[in-house]
Structures are given as structure tokens and as C-alpha cells.
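Enquirer: Please see the structure below; I have some questions.
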Amino acid sequence: MYTLVKILCSAAIIGIVTEVARRFPSYGGMIAALPLVSILSIIWLTVQSESSEHIQRFTYSVIVGLPATMFMLFVIYMAMKSSIHIVFAIGLGIVSWAVFLGIQKAIAGVFNISI
């Protein structure tokens with residue numbers, strides 16, 4: 001039952017953001033740029049009584065993933081600006097995200113930084 005409540009609340013928020021984006025693309029983009037998924041995840045982890053250390057590790061991982069996510073969104077934007085179909089633009093974005101994370105991890109390894 002608890003999982004169903006999480007799914008419904010999260011889906012409702014995504015639906016609301018999508019409706020705002022449909023009517024007001026700029027505002028929808030700004031709202032979507034909010035770390036809604038991260039905040040929801042932190043709330044759900046807290047409600048589920050996860051340890052503070054566990055939530056801190058989660059939050060750190062979100063921070064580590066931000067540069068790759070920003071790069072992915074940039075690739076999708078540029079692909080769509082170049083009239084590439086949305087499906088291919090998203091595919092390129094996901095591939096660029098994975099490649100960026102791999103490069104980021106390799107660079108971190110060179111400097112003995114744990115990601």
C-alpha cells in the first residue's frame with residue numbers, strides 16, 4: 001500500500017509539471033529543472049527511516065551525476081535544434097550521458113577520487 005501511495009504522489013507531481021510545461025514551456029522547464037525527483041527520493045527515504053548516512057550517500061551521488069545530466073540535456077537540445085527526431089535526440093542524450101559518466105569516473109580514478 002505504501003509503495004502505491006509513493007507512486008501516486010510522484011506521478012501526480014510529474015503530471016502537474018507536464019501540464020504546466022504544456023501551457024507555459026518556459027515555466028515548465030524551470031519547474032522541471034528543480035530537483036523534484038531528488039527531493040521526493042529524500043522525503044521517501046526519510047519516511048522509510050533510512051539512516052542519515054544512507055541519505056547523504058544518495059545526495060552525494062546526485063551531485064556527482066549533475067554534470068552528466070546537464071550534458072545530456074544540452075545534447076538533446078542541440079539535436080532537436082538541428083531537427084533530429086525526438087526519439088533519436090533522446091537516444092543521443094542518453095548515450096552522451098553514459099559516455100560522460102564513464103569519462104568522469106575515469107578522470108576521478110586518475111586522481112584517486114571515489115565516485
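We name chains A, B, ... following the order of the C-alpha cells; residues begin at 1 in each chain, and ligands are numbered from 1 as shown.
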Do a neighbour search on range 26-33 of chain A at 12 Å with only C-alpha atoms, toss out local chain neighbours closer than 3 positions, and write the hits as a list in words.
Expert: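 Near neighbours after the sequence-gap exclusion: Ile13, Ile14, Gly15, Ile16, Val17, Thr18, Glu19, Val20, Ala21, Arg22, Arg23, Leu36, Val37, Ser38, Ile39, Leu66, Thr69, Met70 and Leu73 of chain A.
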Enquirer: Can you tell me, as a list in words, what residues are no more than 10 Å from range 87-102 of chain A when counting only C-alpha atoms, ignoring any on the same chain fewer than 6 positions away?
Expert: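 With the cut-off at 10 Å, the set is Val64, Gly65, Leu66, Pro67, Ala68, Thr69, Met70, Phe71, Met72, Leu73, Phe74, Val75, Ile76, Tyr77, Met78, Ala79, Met80, Lys81 and Ala108 of chain A.
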Enquirer: Would you list the contacts of Gln56 in chain A as a list in words, taking every protein, DNA or RNA residue within 12 Å and counting only C-alpha atoms, but skipping same-chain residues closer than 6 positions in sequence?
Expert: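 These residues fall inside the cut-off: Ser38, Ser41, Ile42, Leu45, Thr46, Glu50, Val62 and Ile63 of chain A.
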Enquirer: Can I get the selection written as an mmCIF file, in the first residue's frame, with N, CA, C and O atoms?
Expert:
data_model
loop_
_atom_site.group_PDB
_atom_site.id
_atom_site.type_symbol
_atom_site.label_atom_id
_atom_site.label_comp_id
_atom_site.auth_asym_id
_atom_site.auth_seq_id
_atom_site.Cartn_x
_atom_site.Cartn_y
_atom_site.Cartn_z
ATOM 1 N N SER A 38 14.920 14.184 -6.846
ATOM 2 C CA SER A 38 15.851 14.079 -5.716
ATOM 3 C C SER A 38 15.150 14.409 -4.401
ATOM 4 O O SER A 38 15.306 13.692 -3.404
ATOM 5 N N SER A 41 12.765 11.663 -3.534
ATOM 6 C CA SER A 41 13.509 10.492 -3.065
ATOM 7 C C SER A 41 14.004 10.675 -1.635
ATOM 8 O O SER A 41 13.919 9.758 -0.818
ATOM 9 N N ILE A 42 14.512 11.858 -1.331
ATOM 10 C CA ILE A 42 14.984 12.130 0.029
ATOM 11 C C ILE A 42 13.821 12.049 1.016
ATOM 12 O O ILE A 42 13.947 11.467 2.102
ATOM 13 N N LEU A 45 12.879 8.337 1.361
ATOM 14 C CA LEU A 45 13.899 7.638 2.149
ATOM 15 C C LEU A 45 13.789 7.988 3.630
ATOM 16 O O LEU A 45 13.950 7.125 4.499
ATOM 17 N N THR A 46 13.516 9.256 3.925
ATOM 18 C CA THR A 46 13.354 9.684 5.317
ATOM 19 C C THR A 46 12.134 9.040 5.947
ATOM 20 O O THR A 46 12.202 8.531 7.073
ATOM 21 N N GLU A 50 15.342 5.539 6.559
ATOM 22 C CA GLU A 50 16.718 5.249 6.153
ATOM 23 C C GLU A 50 17.652 6.114 6.995
ATOM 24 O O GLU A 50 17.283 7.191 7.454
ATOM 25 N N VAL A 62 23.792 12.112 -6.371
ATOM 26 C CA VAL A 62 23.019 13.033 -7.221
ATOM 27 C C VAL A 62 23.930 14.168 -7.688
ATOM 28 O O VAL A 62 23.927 14.547 -8.866
ATOM 29 N N ILE A 63 24.725 14.698 -6.778
ATOM 30 C CA ILE A 63 25.654 15.784 -7.124
ATOM 31 C C ILE A 63 26.652 15.312 -8.177
ATOM 32 O O ILE A 63 26.935 16.023 -9.145
#
Enquirer: Per DSSP on the backbone, what are the alpha helix (DSSP H) residues of range 14-115 of chain A, as a VMD selection string?
Expert: chain A and resid 14 to 23 25 to 33 36 to 47 52 to 81 86 to 110
Enquirer: Quick one: residues within 9 Å of Lys105 in chain A, only C-alpha atoms counted, chain neighbours fewer than 5 positions away excluded, as a VMD selection string?
Expert: chain A and resid 100 110 113 to 115
Enquirer: In Å to one decimal, how far is CA of Ser51 in chain A from CA of Gln104 in chain A?
Expert: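 That distance, rounded to one decimal, is 27.8 Å.
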